[in-house]
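Pasted below: data.txt, compact mmCIF, N, CA and C atoms.
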```txt
# COMPACT_ATOMS: atom_id res chain seq x y z
N MET A 285 -33.00 -2.77 -1.38
CA MET A 285 -32.61 -4.16 -1.41
C MET A 285 -31.76 -4.41 -2.65
N PHE A 286 -30.62 -5.01 -2.46
CA PHE A 286 -29.71 -5.32 -3.55
C PHE A 286 -30.08 -6.65 -4.20
N GLU A 287 -29.81 -6.74 -5.50
CA GLU A 287 -29.97 -7.99 -6.24
C GLU A 287 -28.58 -8.55 -6.51
N ARG A 288 -28.46 -9.86 -6.40
CA ARG A 288 -27.18 -10.52 -6.60
C ARG A 288 -26.99 -10.81 -8.09
N LEU A 289 -25.77 -10.57 -8.57
CA LEU A 289 -25.41 -10.90 -9.96
C LEU A 289 -24.51 -12.12 -9.93
N GLY A 290 -24.81 -13.08 -10.78
CA GLY A 290 -23.94 -14.23 -10.94
C GLY A 290 -23.10 -14.04 -12.19
N PRO A 291 -22.07 -14.84 -12.36
CA PRO A 291 -21.23 -14.72 -13.56
C PRO A 291 -22.01 -14.83 -14.86
N ASN A 292 -23.05 -15.67 -14.87
CA ASN A 292 -23.85 -15.83 -16.09
C ASN A 292 -24.78 -14.66 -16.34
N ASP A 293 -25.02 -13.83 -15.33
CA ASP A 293 -25.91 -12.67 -15.47
C ASP A 293 -25.20 -11.44 -16.03
N LEU A 294 -23.88 -11.45 -16.06
CA LEU A 294 -23.12 -10.26 -16.47
C LEU A 294 -23.46 -9.77 -17.88
N PRO A 295 -23.51 -10.63 -18.90
CA PRO A 295 -23.84 -10.10 -20.24
C PRO A 295 -25.19 -9.41 -20.29
N ARG A 296 -26.20 -9.99 -19.65
CA ARG A 296 -27.53 -9.37 -19.64
C ARG A 296 -27.49 -8.03 -18.93
N PHE A 297 -26.82 -7.96 -17.79
CA PHE A 297 -26.72 -6.73 -17.03
C PHE A 297 -26.03 -5.63 -17.84
N LEU A 298 -24.94 -5.99 -18.53
CA LEU A 298 -24.19 -5.00 -19.31
C LEU A 298 -24.95 -4.56 -20.56
N ARG A 299 -25.90 -5.36 -21.02
CA ARG A 299 -26.79 -4.92 -22.12
C ARG A 299 -27.89 -4.02 -21.59
N GLN A 300 -28.32 -4.25 -20.37
CA GLN A 300 -29.42 -3.48 -19.76
C GLN A 300 -29.00 -2.06 -19.41
N TYR A 301 -27.74 -1.87 -19.02
CA TYR A 301 -27.24 -0.55 -18.62
C TYR A 301 -25.97 -0.22 -19.39
N ARG A 302 -25.89 0.99 -19.91
CA ARG A 302 -24.70 1.45 -20.63
C ARG A 302 -23.82 2.23 -19.66
N LEU A 303 -22.76 1.59 -19.19
CA LEU A 303 -21.87 2.22 -18.22
C LEU A 303 -20.97 3.26 -18.88
N VAL A 304 -20.55 3.00 -20.13
CA VAL A 304 -19.69 3.94 -20.85
C VAL A 304 -20.46 5.23 -21.08
N GLY A 305 -19.84 6.35 -20.74
CA GLY A 305 -20.50 7.64 -20.85
C GLY A 305 -21.20 8.06 -19.56
N GLY A 306 -21.28 7.14 -18.60
CA GLY A 306 -21.89 7.46 -17.32
C GLY A 306 -20.89 8.18 -16.42
N ARG A 307 -21.30 8.40 -15.19
CA ARG A 307 -20.46 9.11 -14.22
C ARG A 307 -20.36 8.32 -12.92
N ILE A 308 -19.17 8.37 -12.34
CA ILE A 308 -18.99 7.83 -10.99
C ILE A 308 -19.32 8.97 -10.04
N ARG A 309 -20.37 8.80 -9.27
CA ARG A 309 -20.81 9.85 -8.34
C ARG A 309 -20.08 9.74 -7.01
N ARG A 310 -19.82 8.51 -6.61
CA ARG A 310 -19.18 8.30 -5.31
C ARG A 310 -18.64 6.88 -5.24
N VAL A 311 -17.56 6.70 -4.52
CA VAL A 311 -17.03 5.38 -4.18
C VAL A 311 -17.02 5.32 -2.66
N ARG A 312 -17.65 4.30 -2.14
CA ARG A 312 -17.78 4.18 -0.69
C ARG A 312 -17.19 2.85 -0.23
N ILE A 313 -16.30 2.90 0.73
CA ILE A 313 -15.73 1.68 1.31
C ILE A 313 -16.43 1.42 2.62
N VAL A 314 -16.99 0.22 2.75
CA VAL A 314 -17.82 -0.13 3.91
C VAL A 314 -17.18 -1.32 4.61
N TYR A 315 -17.24 -1.30 5.93
CA TYR A 315 -16.74 -2.40 6.74
C TYR A 315 -17.94 -3.05 7.45
N PRO A 316 -18.64 -4.00 6.78
CA PRO A 316 -19.85 -4.58 7.37
C PRO A 316 -19.58 -5.43 8.61
N ARG A 317 -18.42 -6.07 8.66
CA ARG A 317 -18.02 -6.89 9.80
C ARG A 317 -16.52 -6.72 9.98
N PRO A 318 -16.00 -7.04 11.15
CA PRO A 318 -14.55 -6.95 11.33
C PRO A 318 -13.80 -7.78 10.28
N LYS A 319 -12.75 -7.20 9.75
CA LYS A 319 -11.89 -7.85 8.75
C LYS A 319 -12.61 -8.18 7.45
N GLU A 320 -13.71 -7.48 7.15
CA GLU A 320 -14.41 -7.68 5.89
C GLU A 320 -14.67 -6.31 5.26
N ILE A 321 -14.50 -6.25 3.94
CA ILE A 321 -14.63 -4.98 3.22
C ILE A 321 -15.65 -5.14 2.09
N ALA A 322 -16.44 -4.10 1.91
CA ALA A 322 -17.34 -4.00 0.74
C ALA A 322 -17.07 -2.64 0.10
N VAL A 323 -17.18 -2.59 -1.22
CA VAL A 323 -16.99 -1.34 -1.95
C VAL A 323 -18.25 -1.07 -2.75
N GLU A 324 -18.78 0.15 -2.60
CA GLU A 324 -19.96 0.57 -3.34
C GLU A 324 -19.57 1.63 -4.36
N PHE A 325 -19.98 1.43 -5.61
CA PHE A 325 -19.81 2.42 -6.66
C PHE A 325 -21.18 3.02 -6.93
N HIS A 326 -21.34 4.31 -6.67
CA HIS A 326 -22.59 5.01 -6.96
C HIS A 326 -22.41 5.65 -8.33
N LEU A 327 -23.24 5.23 -9.28
CA LEU A 327 -23.08 5.62 -10.68
C LEU A 327 -24.35 6.26 -11.23
N THR A 328 -24.17 7.09 -12.24
CA THR A 328 -25.27 7.53 -13.08
C THR A 328 -24.96 7.01 -14.48
N VAL A 329 -25.84 6.17 -15.02
CA VAL A 329 -25.63 5.52 -16.31
C VAL A 329 -26.89 5.67 -17.16
N ARG A 330 -26.82 5.20 -18.40
CA ARG A 330 -27.97 5.21 -19.30
C ARG A 330 -28.57 3.81 -19.38
N GLU A 331 -29.89 3.78 -19.49
CA GLU A 331 -30.57 2.51 -19.75
C GLU A 331 -30.35 2.13 -21.20
N ALA A 332 -30.58 0.88 -21.51
CA ALA A 332 -30.49 0.43 -22.90
C ALA A 332 -31.61 1.08 -23.71
N ILE A 333 -31.39 1.24 -25.00
CA ILE A 333 -32.42 1.79 -25.89
C ILE A 333 -33.56 0.79 -25.98
N LYS A 334 -34.78 1.27 -25.74
CA LYS A 334 -35.94 0.38 -25.72
C LYS A 334 -36.70 0.39 -27.04
N GLY A 335 -36.49 1.41 -27.85
CA GLY A 335 -37.18 1.46 -29.13
C GLY A 335 -36.59 2.55 -30.00
N LEU A 336 -36.81 2.43 -31.31
CA LEU A 336 -36.31 3.43 -32.24
C LEU A 336 -36.98 4.77 -31.98
N GLY A 337 -36.20 5.82 -32.00
CA GLY A 337 -36.74 7.15 -31.78
C GLY A 337 -36.94 7.53 -30.33
N THR A 338 -36.60 6.65 -29.42
CA THR A 338 -36.73 6.98 -28.00
C THR A 338 -35.35 7.18 -27.41
N GLU A 339 -35.24 8.16 -26.59
CA GLU A 339 -33.97 8.47 -25.93
C GLU A 339 -33.89 7.67 -24.63
N PRO A 340 -32.78 6.93 -24.42
CA PRO A 340 -32.66 6.19 -23.16
C PRO A 340 -32.55 7.14 -21.97
N GLY A 341 -33.16 6.76 -20.88
CA GLY A 341 -33.14 7.59 -19.69
C GLY A 341 -31.92 7.34 -18.82
N SER A 342 -31.62 8.30 -17.97
CA SER A 342 -30.54 8.14 -17.00
C SER A 342 -31.06 7.42 -15.77
N VAL A 343 -30.21 6.61 -15.21
CA VAL A 343 -30.56 5.82 -14.03
C VAL A 343 -29.39 5.88 -13.06
N ARG A 344 -29.69 5.93 -11.80
CA ARG A 344 -28.64 5.81 -10.78
C ARG A 344 -28.56 4.36 -10.37
N LEU A 345 -27.33 3.86 -10.36
CA LEU A 345 -27.07 2.48 -9.93
C LEU A 345 -26.10 2.49 -8.77
N ILE A 346 -26.24 1.50 -7.94
CA ILE A 346 -25.23 1.23 -6.93
C ILE A 346 -24.74 -0.18 -7.19
N LEU A 347 -23.46 -0.31 -7.51
CA LEU A 347 -22.81 -1.61 -7.63
C LEU A 347 -22.07 -1.84 -6.32
N ARG A 348 -22.30 -2.98 -5.71
CA ARG A 348 -21.65 -3.28 -4.43
C ARG A 348 -20.89 -4.59 -4.53
N LEU A 349 -19.61 -4.53 -4.29
CA LEU A 349 -18.78 -5.72 -4.22
C LEU A 349 -18.60 -6.08 -2.75
N GLU A 350 -18.91 -7.33 -2.40
CA GLU A 350 -18.73 -7.79 -1.03
C GLU A 350 -17.61 -8.82 -0.99
N GLY A 351 -17.00 -8.96 0.15
CA GLY A 351 -15.86 -9.87 0.28
C GLY A 351 -14.70 -9.39 -0.57
N VAL A 352 -14.45 -8.09 -0.54
CA VAL A 352 -13.41 -7.49 -1.38
C VAL A 352 -12.03 -7.97 -0.91
N GLU A 353 -11.26 -8.45 -1.88
CA GLU A 353 -9.91 -8.93 -1.58
C GLU A 353 -8.84 -7.98 -2.10
N GLU A 354 -9.19 -7.14 -3.08
CA GLU A 354 -8.22 -6.16 -3.57
C GLU A 354 -8.97 -5.00 -4.20
N PHE A 355 -8.38 -3.81 -4.08
CA PHE A 355 -8.94 -2.64 -4.74
C PHE A 355 -7.87 -1.57 -4.86
N ARG A 356 -8.12 -0.63 -5.77
CA ARG A 356 -7.25 0.53 -5.90
C ARG A 356 -8.09 1.67 -6.46
N PHE A 357 -7.95 2.82 -5.81
CA PHE A 357 -8.61 4.04 -6.27
C PHE A 357 -7.55 5.13 -6.25
N GLN A 358 -7.18 5.56 -7.44
CA GLN A 358 -6.11 6.53 -7.57
C GLN A 358 -6.55 7.54 -8.62
N MET A 359 -6.31 8.81 -8.34
CA MET A 359 -6.65 9.85 -9.30
C MET A 359 -5.41 10.65 -9.63
N ARG A 360 -5.04 10.64 -10.87
CA ARG A 360 -3.89 11.43 -11.33
C ARG A 360 -4.40 12.79 -11.77
N PRO A 361 -3.66 13.86 -11.49
CA PRO A 361 -4.11 15.21 -11.83
C PRO A 361 -4.35 15.41 -13.33
N SER A 362 -3.65 14.68 -14.17
CA SER A 362 -3.79 14.88 -15.61
C SER A 362 -4.99 14.16 -16.22
N LEU A 363 -5.64 13.27 -15.46
CA LEU A 363 -6.77 12.53 -16.01
C LEU A 363 -8.06 13.34 -15.92
N ALA A 364 -8.88 13.20 -16.95
CA ALA A 364 -10.19 13.88 -16.95
C ALA A 364 -11.09 13.24 -15.90
N LYS A 365 -11.88 14.06 -15.24
CA LYS A 365 -12.76 13.58 -14.18
C LYS A 365 -14.21 13.69 -14.62
N VAL A 366 -14.48 13.44 -15.88
CA VAL A 366 -15.79 13.74 -16.41
C VAL A 366 -16.65 12.49 -16.55
N LYS A 367 -16.34 11.65 -17.50
CA LYS A 367 -17.19 10.50 -17.81
C LYS A 367 -16.42 9.20 -17.77
N ILE A 368 -17.17 8.12 -17.65
CA ILE A 368 -16.58 6.78 -17.71
C ILE A 368 -16.25 6.51 -19.18
N ALA A 369 -14.97 6.42 -19.49
CA ALA A 369 -14.55 6.21 -20.87
C ALA A 369 -14.73 4.75 -21.28
N ASP A 370 -14.51 3.84 -20.35
CA ASP A 370 -14.67 2.42 -20.62
C ASP A 370 -14.91 1.74 -19.28
N ALA A 371 -15.69 0.69 -19.29
CA ALA A 371 -16.00 -0.02 -18.05
C ALA A 371 -15.99 -1.51 -18.34
N ARG A 372 -15.47 -2.26 -17.43
CA ARG A 372 -15.43 -3.72 -17.55
C ARG A 372 -15.87 -4.34 -16.24
N ILE A 373 -16.68 -5.37 -16.36
CA ILE A 373 -17.04 -6.19 -15.20
C ILE A 373 -16.76 -7.63 -15.63
N GLY A 374 -15.95 -8.31 -14.87
CA GLY A 374 -15.59 -9.67 -15.23
C GLY A 374 -15.54 -10.58 -14.03
N TYR A 375 -15.52 -11.87 -14.29
CA TYR A 375 -15.43 -12.88 -13.25
C TYR A 375 -14.21 -13.74 -13.54
N LEU A 376 -13.18 -13.61 -12.72
CA LEU A 376 -11.92 -14.32 -12.93
C LEU A 376 -11.45 -14.94 -11.62
N ASN A 377 -11.07 -16.21 -11.66
CA ASN A 377 -10.51 -16.90 -10.49
C ASN A 377 -11.40 -16.79 -9.26
N GLY A 378 -12.71 -16.86 -9.44
CA GLY A 378 -13.64 -16.84 -8.32
C GLY A 378 -13.96 -15.47 -7.76
N LEU A 379 -13.49 -14.39 -8.42
CA LEU A 379 -13.78 -13.03 -7.97
C LEU A 379 -14.40 -12.21 -9.10
N PHE A 380 -15.29 -11.31 -8.73
CA PHE A 380 -15.82 -10.32 -9.67
C PHE A 380 -14.88 -9.13 -9.65
N TYR A 381 -14.54 -8.62 -10.82
CA TYR A 381 -13.71 -7.43 -10.94
C TYR A 381 -14.51 -6.35 -11.64
N VAL A 382 -14.45 -5.14 -11.10
CA VAL A 382 -15.11 -3.98 -11.67
C VAL A 382 -14.04 -2.93 -11.94
N ASN A 383 -14.06 -2.36 -13.14
CA ASN A 383 -13.02 -1.44 -13.59
C ASN A 383 -13.69 -0.31 -14.37
N PHE A 384 -13.28 0.92 -14.13
CA PHE A 384 -13.87 2.08 -14.82
C PHE A 384 -12.85 2.88 -15.61
N ASP A 385 -11.74 2.28 -15.99
CA ASP A 385 -10.73 2.95 -16.80
C ASP A 385 -10.84 2.49 -18.25
N ALA A 386 -10.37 3.34 -19.13
CA ALA A 386 -10.30 2.96 -20.54
C ALA A 386 -8.96 2.31 -20.80
N TRP A 387 -9.00 1.16 -21.37
CA TRP A 387 -7.79 0.53 -21.86
C TRP A 387 -8.18 -0.30 -23.05
N SER A 388 -7.29 -0.32 -24.04
CA SER A 388 -7.67 -0.95 -25.29
C SER A 388 -7.41 -2.43 -25.31
N LEU A 389 -8.36 -3.12 -25.86
CA LEU A 389 -8.21 -4.54 -26.12
C LEU A 389 -8.44 -4.74 -27.62
N GLU A 390 -7.81 -5.75 -28.15
CA GLU A 390 -8.03 -6.09 -29.55
C GLU A 390 -9.46 -6.61 -29.71
N PRO A 391 -10.05 -6.49 -30.90
CA PRO A 391 -11.41 -7.04 -31.11
C PRO A 391 -11.46 -8.52 -30.74
N GLY A 392 -12.43 -8.86 -29.92
CA GLY A 392 -12.61 -10.24 -29.48
C GLY A 392 -11.74 -10.66 -28.31
N GLU A 393 -10.79 -9.82 -27.91
CA GLU A 393 -9.91 -10.15 -26.79
C GLU A 393 -10.66 -9.98 -25.47
N GLN A 394 -10.48 -10.92 -24.56
CA GLN A 394 -11.10 -10.88 -23.25
C GLN A 394 -10.15 -10.23 -22.25
N ALA A 395 -10.71 -9.44 -21.34
CA ALA A 395 -9.89 -8.81 -20.30
C ALA A 395 -9.34 -9.89 -19.37
N LYS A 396 -8.08 -9.75 -19.02
CA LYS A 396 -7.41 -10.66 -18.10
C LYS A 396 -7.17 -9.95 -16.77
N LEU A 397 -6.74 -10.70 -15.79
CA LEU A 397 -6.55 -10.16 -14.45
C LEU A 397 -5.59 -8.97 -14.44
N HIS A 398 -4.51 -9.04 -15.21
CA HIS A 398 -3.56 -7.92 -15.23
C HIS A 398 -4.17 -6.66 -15.82
N ASP A 399 -5.19 -6.80 -16.69
CA ASP A 399 -5.87 -5.62 -17.23
C ASP A 399 -6.63 -4.89 -16.12
N TYR A 400 -7.28 -5.64 -15.23
CA TYR A 400 -7.99 -5.00 -14.12
C TYR A 400 -7.00 -4.37 -13.13
N ARG A 401 -5.95 -5.09 -12.82
CA ARG A 401 -4.99 -4.58 -11.83
C ARG A 401 -4.21 -3.36 -12.33
N ALA A 402 -4.14 -3.16 -13.63
CA ALA A 402 -3.47 -1.99 -14.19
C ALA A 402 -4.35 -0.74 -14.12
N SER A 403 -5.57 -0.89 -13.68
CA SER A 403 -6.54 0.19 -13.64
C SER A 403 -6.28 1.16 -12.49
N GLU A 404 -6.70 2.38 -12.68
CA GLU A 404 -6.65 3.40 -11.62
C GLU A 404 -7.83 3.25 -10.66
N THR A 405 -8.92 2.67 -11.15
CA THR A 405 -10.14 2.53 -10.36
C THR A 405 -10.68 1.12 -10.55
N TYR A 406 -10.38 0.23 -9.62
CA TYR A 406 -10.89 -1.13 -9.73
C TYR A 406 -11.06 -1.75 -8.36
N ALA A 407 -11.87 -2.79 -8.31
CA ALA A 407 -12.03 -3.58 -7.09
C ALA A 407 -12.36 -5.01 -7.49
N GLY A 408 -11.96 -5.96 -6.66
CA GLY A 408 -12.25 -7.37 -6.88
C GLY A 408 -12.81 -7.98 -5.61
N GLY A 409 -13.97 -8.63 -5.74
CA GLY A 409 -14.61 -9.22 -4.57
C GLY A 409 -15.37 -10.49 -4.91
N ARG A 410 -15.77 -11.22 -3.87
CA ARG A 410 -16.42 -12.52 -4.06
C ARG A 410 -17.86 -12.41 -4.56
N GLU A 411 -18.58 -11.34 -4.19
CA GLU A 411 -19.97 -11.22 -4.59
C GLU A 411 -20.22 -9.84 -5.18
N LEU A 412 -21.08 -9.80 -6.22
CA LEU A 412 -21.44 -8.55 -6.86
C LEU A 412 -22.95 -8.37 -6.74
N LEU A 413 -23.32 -7.24 -6.17
CA LEU A 413 -24.74 -6.91 -5.99
C LEU A 413 -25.01 -5.58 -6.68
N TRP A 414 -26.26 -5.35 -7.02
CA TRP A 414 -26.61 -4.08 -7.65
C TRP A 414 -28.02 -3.65 -7.23
N ARG A 415 -28.23 -2.36 -7.36
CA ARG A 415 -29.54 -1.79 -7.04
C ARG A 415 -29.73 -0.56 -7.89
N GLU A 416 -30.91 -0.41 -8.42
CA GLU A 416 -31.27 0.79 -9.18
C GLU A 416 -31.94 1.76 -8.22
N VAL A 417 -31.52 3.01 -8.28
CA VAL A 417 -32.06 4.04 -7.40
C VAL A 417 -32.82 5.03 -8.28
N ARG A 418 -34.12 5.04 -8.17
CA ARG A 418 -34.96 5.94 -8.95
C ARG A 418 -35.25 7.20 -8.14
N PRO A 419 -35.08 8.39 -8.75
CA PRO A 419 -35.34 9.63 -8.01
C PRO A 419 -36.78 9.75 -7.51
N ASP A 420 -37.74 9.17 -8.24
CA ASP A 420 -39.14 9.31 -7.85
C ASP A 420 -39.50 8.52 -6.59
N ASN A 421 -38.83 7.40 -6.33
CA ASN A 421 -39.17 6.63 -5.14
C ASN A 421 -38.04 6.53 -4.12
N ASN A 422 -36.87 7.05 -4.45
CA ASN A 422 -35.75 7.04 -3.51
C ASN A 422 -35.08 8.40 -3.53
N PRO A 423 -35.51 9.34 -2.70
CA PRO A 423 -34.87 10.66 -2.74
C PRO A 423 -33.41 10.57 -2.35
N PRO A 424 -32.56 11.43 -2.95
CA PRO A 424 -31.14 11.39 -2.61
C PRO A 424 -30.91 11.81 -1.16
N ALA A 425 -29.81 11.34 -0.63
CA ALA A 425 -29.44 11.72 0.73
C ALA A 425 -29.16 13.22 0.77
N ALA A 426 -29.17 13.80 1.95
CA ALA A 426 -29.00 15.24 2.09
C ALA A 426 -27.67 15.72 1.52
N ASN A 427 -26.63 14.91 1.61
CA ASN A 427 -25.31 15.33 1.12
C ASN A 427 -25.04 14.88 -0.31
N GLU A 428 -26.02 14.28 -0.99
CA GLU A 428 -25.83 13.81 -2.36
C GLU A 428 -26.48 14.79 -3.34
N PRO A 429 -25.73 15.29 -4.33
CA PRO A 429 -26.31 16.25 -5.29
C PRO A 429 -27.31 15.57 -6.20
N PRO A 430 -28.25 16.34 -6.77
CA PRO A 430 -29.22 15.74 -7.69
C PRO A 430 -28.52 15.30 -8.98
N PRO A 431 -29.19 14.41 -9.79
CA PRO A 431 -28.53 13.89 -11.00
C PRO A 431 -28.24 14.95 -12.02
```
Can I see the file as structure tokens?
Amino acid sequence: MFERLGPNDLPRFLRQYRLVGGRIRRVRIVYPRPKEIAVEFHLTVREAIKGLGTEPGSVRLILRLEGVEEFRFQMRPSLAKVKIADARIGYLNGLFYVNFDAWSLEPGEQAKLHDYRASETYAGGRELLWREVRPDNNPPAANEPPP
């Protein structure tokens, strides 16, 4: 079951999970109804640090954008395919935007729409949902490698 994220929930969510340094395991484009698109990002990320001297654990997340109005997934041969260098989730003009590219912003500068659209890996949709997938209670699918 997915949980819905509202624009006001984004700061809390981004503190709860560290997307930078995580991995994109899969991007799935889903057509739930005719003429409607949803994009799922299957990620492995770190939880926030819960206490001094404790190592944060890895968690699998699924971020799902519904009512997708724009997206782009492009891989250039020269780009590293290892870790998420930078990640942004924002709410602009009534759409949630998710981006997994590194691009520099000045300290205190907010990402604008053109920053998301310049990304190699981004999607924008009306609703943002998420779900945590724990290996102990949700075994991976047969075609999905272990974490």
- Return the single residue from A:Ser342, A:Ser403, A:Gln300, A:Asn292 that is closest to Ala371 in chain A, with distances computed using only C-alpha atoms. A:Ser403
- Could you list as a list of chain:residue names every residue that has an atom within 8 Å of (-12.3, -1.6, -12.3), using the file's coordinates and counting only N, CA and C atoms? A:Arg356, A:Ala371, A:Arg372, A:Ile373, A:Tyr381, A:Val382, A:Asn383, A:Phe384, A:Asp385, A:Asp399, A:Tyr400, A:Arg401, A:Ser403, A:Glu404, A:Thr405, A:Tyr406, A:Ala407, A:Gly408
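The coordinates place CA of Ala395 in chain A at 24.5 Å from CA of Glu287 in chain A.
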Please enclose the listed atoms of range 329-333 of chain A in an axis-aligned box, pad each side by 5 Å, and write out the centre and the three edge lengths in Å, rounded to one decimal, as lines of an AutoDock Vina configuration file.
```
center_x = -29.6
center_y = 3.3
center_z = -20.5
size_x = 17.9
size_y = 15.7
size_z = 21.0
```
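Taking atom N of Ala332 in chain A and atom C of Asp293 in chain A as endpoints, the distance between them is 14.5 Å.
A search radius of 7 Å centred on (-23.2, -4.5, -6.6), applied to all atoms listed in the file, returns the residues A:Glu287, A:Leu289, A:Glu324, A:Phe325, A:Ile346, A:Leu347, A:Arg348, A:Leu349, A:Glu350, A:Glu411, A:Leu412, A:Leu413, A:Trp414, A:Arg415.
Computed from the coordinates, the CA of Val352 in chain A to CA of Arg410 in chain A distance equals 6.4 Å.
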- Give me every strand (DSSP E or B) residue in range 295-421 of chain A, going by DSSP on the backbone, as a PyMOL selection string. chain A and resi 301-314+322-331+342-357+372-376+379-383+405-417
- Task: Using DSSP on the backbone coordinates, identify the residues of chain A assigned to helix (DSSP H, G or I); present them as an NGL selection string.
- Result: :A and (291-300 or 397-401)
- Skipping near chain neighbours, those fewer than 6 positions away, what residues fall within 8 Å of Tyr301 in chain A using only N, CA and C atoms, listed as a PyMOL selection string? chain A and resi 329-333
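Closest approach to Arg310 in chain A among A:Pro340, A:Leu327, A:Tyr375, A:Arg288 is made by A:Leu327 (distances from all atoms listed in the file).
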- Query: Which residues come within 9 Å of Arg418 in chain A, counting only C-alpha atoms, excluding same-chain residues fewer than 6 positions away, as a VMD selection string?
  - Reply: chain A and resid 343 to 345
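Here the question is which of A:Phe380, A:Val314, A:Gly374, A:Thr328 gets nearest to Leu298 in chain A using only C-alpha atoms, and that residue is A:Gly374.
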- Which is closer to Arg309 in chain A than all the others in A:Leu336, A:His326, A:Phe286, A:Leu294, using only N, CA and C atoms? A:His326
